[in-house]
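What follows is one structure encoded as structure tokens, with my remarks underneath.
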Amino acid sequence: MKLIVIINNKGGVGKTTSAVNLSASLARMGKKTLLVDLDPSASTSLHLGFDKQGNRHQTICDYLINPNRRLADYIYETDSEGLDCLPSEPALSEFYDEMQQEEDTEFFLKRSDFPRKYDLIFFDSPPNMGNLALNALAIADYALIPVQTQYLALSGLEVTLNVIEKAQRHLNKRLKILGLFGTQYDRRTRVAKEVYALIQDRFGQQVFETIIGVNSKLTEAFNAQKPILKYAPSARGAKEYQALAAEILKRLKIT
């Protein structure tokens with residue numbers, strides 16, 4: 001079982017889109033996968049059809065306030081075979097902070113809480129480096145970093161790398177960077193090519209070969225509350241996330 005945090009301090013880099021579509025792609029490849037939504041925006045949950053307002057389901061918030069909690073009771077199957085989800089809701093950040101103050105504990109999610117049946121567990125972290133992101137980094141094996149191919153995204157990348165380094169030193173010595181991959185890559189622009197070249201020059205083999213391009217079908221899939229593989233399996237975005245998923249398995253040495 002490998003735990004992987006998809007993380008970037010900057011919002012709007014395609015983190016949630018990547019979390020959902022990578023998880024769905026890996027599940028399609030036969031890997032039992034769990035996606036944990038740690039973003040209070042609950043975008044991952046919405047993408048997979050878990051809307052707290054419209055559905056009767058419990059979330060990670062309910063898990064936090066239940067003294068007799070068992071994490072497996074809050075995990076749901078999705079419409080994609082092999083992919084499960086631990087959904088979130090907008091109140092998550094407030095719940096988490098209040099519980100920390102009341103129970104005087106640093107982190108609530110522990111590695112041992114998760115069912116052992118999963119090959120891969122992904123965490124969609126919030127676009128900041130608060131306690132929710134730190135909790136995920138404290139129990140994970142790897143950090144996976146999506147990088148928007150724009151100059152402004154590079155400053156957020158520095159913050160992200162600094163936080164990962166601190167987590168490695170103080171919270172989790174086994175934590176490693178699995179790699180970086182480009183997102184929202186517009187092949188028509190010089191800026192995207194220049195930024196991606198800068199990332200490659202600096203990080204070398206840590207950068208995955210697959211780049212996630214700008215693709216309207218990815219946005220449509222979110223609105224349809226489906227992974228791209230179920231909404232438009234022949235779309236370029238679906239093929240790119242499948243290629244990236246294959247690279248990840250190769251890097252993890254998982255067959």
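A note on labels: chains of the structure tokens are A, B, ... as shown, every chain counts residues from 1, and ligands are counted from 1 in their shown order.
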
Going by DSSP on the backbone, which bits of segment 5-139 of chain A are strand (DSSP E)? Write them as a list in words, please.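 Output for segment 5-139 of chain A, strand (DSSP E) only: Val5, Ile6, Thr33, Leu34, Leu35, Val36, Asp37, Tyr76, Glu77, Leu83, Asp84, Cys85, Leu86, Leu120, Ile121, Phe122, Phe123 and Asp124 of chain A.
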
Let me see the file: selected residues, C-alpha atoms, as a compact mmCIF listing (two decimals), in the first residue's frame.
```txt
# COMPACT_ATOMS: atom_id res chain seq x y z
CA VAL A 5 -0.15 13.29 -1.49
CA ILE A 6 -0.97 15.42 -4.52
CA THR A 33 -7.39 2.85 -5.26
CA LEU A 34 -8.73 5.16 -2.56
CA LEU A 35 -8.99 8.92 -3.04
CA VAL A 36 -9.09 10.98 0.16
CA ASP A 37 -10.48 14.50 -0.17
CA TYR A 76 -17.69 4.92 -0.41
CA GLU A 77 -17.49 3.15 -3.72
CA LEU A 83 -11.98 3.45 -7.07
CA ASP A 84 -13.28 4.42 -3.62
CA CYS A 85 -13.55 7.86 -2.06
CA LEU A 86 -13.40 9.34 1.44
CA LEU A 120 -2.75 3.09 -3.74
CA ILE A 121 -4.16 5.86 -1.57
CA PHE A 122 -4.16 9.41 -2.96
CA PHE A 123 -4.76 12.56 -0.94
CA ASP A 124 -6.07 15.70 -2.61
```

Find the residues near Ser125 of chain A: any atom within 12 Å, counting only C-alpha atoms, skip ones fewer than 6 places away on the same chain, and give them as a ChimeraX atom specification. /A:4-11,14-16,18-19,35-44,88,92-93,131-137,140,143-146,160

Could you save the residues just selected, with C-alpha atoms, as a PDB file, in the first residue's frame?
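Generated file (part-v2.pdb):
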```
ATOM      1  CA  ILE A   4       0.642   9.622  -2.171  1.00  0.00           C
ATOM      2  CA  VAL A   5      -0.147  13.287  -1.487  1.00  0.00           C
ATOM      3  CA  ILE A   6      -0.965  15.422  -4.518  1.00  0.00           C
ATOM      4  CA  ILE A   7       0.181  18.806  -3.353  1.00  0.00           C
ATOM      5  CA  ASN A   8       0.889  22.356  -4.457  1.00  0.00           C
ATOM      6  CA  ASN A   9       0.643  25.552  -2.444  1.00  0.00           C
ATOM      7  CA  LYS A  10      -0.898  27.390  -5.397  1.00  0.00           C
ATOM      8  CA  GLY A  11      -4.547  26.918  -6.243  1.00  0.00           C
ATOM      9  CA  GLY A  14      -5.084  21.160 -11.757  1.00  0.00           C
ATOM     10  CA  LYS A  15      -4.552  19.364  -8.460  1.00  0.00           C
ATOM     11  CA  THR A  16      -8.118  18.096  -8.041  1.00  0.00           C
ATOM     12  CA  SER A  18      -5.274  15.253 -11.478  1.00  0.00           C
ATOM     13  CA  ALA A  19      -6.279  13.544  -8.235  1.00  0.00           C
ATOM     14  CA  LEU A  35      -8.993   8.919  -3.039  1.00  0.00           C
ATOM     15  CA  VAL A  36      -9.094  10.979   0.161  1.00  0.00           C
ATOM     16  CA  ASP A  37     -10.481  14.504  -0.173  1.00  0.00           C
ATOM     17  CA  LEU A  38      -8.655  16.780   2.279  1.00  0.00           C
ATOM     18  CA  ASP A  39      -9.603  19.995   0.509  1.00  0.00           C
ATOM     19  CA  PRO A  40     -12.354  21.945   2.318  1.00  0.00           C
ATOM     20  CA  SER A  41     -13.661  23.048  -1.082  1.00  0.00           C
ATOM     21  CA  ALA A  42     -14.693  19.392  -1.515  1.00  0.00           C
ATOM     22  CA  SER A  43     -14.004  19.651  -5.248  1.00  0.00           C
ATOM     23  CA  THR A  44     -12.783  16.067  -5.480  1.00  0.00           C
ATOM     24  CA  SER A  88     -15.092  15.960   2.275  1.00  0.00           C
ATOM     25  CA  LEU A  92     -13.680  20.388   7.006  1.00  0.00           C
ATOM     26  CA  SER A  93     -11.129  23.070   7.879  1.00  0.00           C
ATOM     27  CA  ASN A 131      -2.567  21.236   9.220  1.00  0.00           C
ATOM     28  CA  LEU A 132      -4.595  19.168   6.770  1.00  0.00           C
ATOM     29  CA  ALA A 133      -1.762  19.125   4.246  1.00  0.00           C
ATOM     30  CA  LEU A 134       0.784  18.460   6.993  1.00  0.00           C
ATOM     31  CA  ASN A 135      -1.272  15.539   8.288  1.00  0.00           C
ATOM     32  CA  ALA A 136      -1.186  13.954   4.847  1.00  0.00           C
ATOM     33  CA  LEU A 137       2.559  14.544   4.475  1.00  0.00           C
ATOM     34  CA  ALA A 140       2.503   9.488   3.209  1.00  0.00           C
ATOM     35  CA  ALA A 143       4.483  13.719  -2.601  1.00  0.00           C
ATOM     36  CA  LEU A 144       3.345  14.222  -6.192  1.00  0.00           C
ATOM     37  CA  ILE A 145       3.494  17.800  -7.480  1.00  0.00           C
ATOM     38  CA  PRO A 146       1.415  19.174 -10.370  1.00  0.00           C
ATOM     39  CA  THR A 160       5.599  23.628  -1.756  1.00  0.00           C
TER      40      THR A 160
END
```

Neighbouring residues of Lys31 of chain A were defined as those with any atom within 12 Å, considering only C-alpha atoms; residues of the same chain fewer than 3 positions away were excluded. Please report them as a PyMOL selection string. chain A and resi 1-2+22-28+34+80-84+117-121+245-246+248-249+254-255

Write out as a ChimeraX atom specification which residues come within 12 Å of Arg56 of chain A when counting only C-alpha atoms, dropping same-chain ones fewer than 6 positions away. /A:49-50,74,76,87

If we count only C-alpha atoms, what is near Leu71 of chain A at a cut-off of 12 Å, once residues fewer than 5 positions away on the same chain are taken out, given as number ranges by chain? A: 36, 58-66, 76, 85-87, 108-116

Smallest atom-to-atom distance to Leu244 of chain A: which of A:Val147, A:Leu180, A:Leu154, A:Ala232, using only C-alpha atoms?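 The closest residue to Leu244 of chain A is A:Leu180.
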
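Restricting the calculation to only C-alpha atoms, the smallest distance between Asp51 of chain A and any of A:Pro90, A:Asp73, A:Glu106, A:Lys173 is found for A:Pro90.
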
Point-to-point distance in Å for atom CA of Gln148 of chain A and atom CA of Phe181 of chain A: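 Taking atom CA of Phe181 of chain A as the start and atom CA of Gln148 of chain A as the end point, the length is 8.5 Å.
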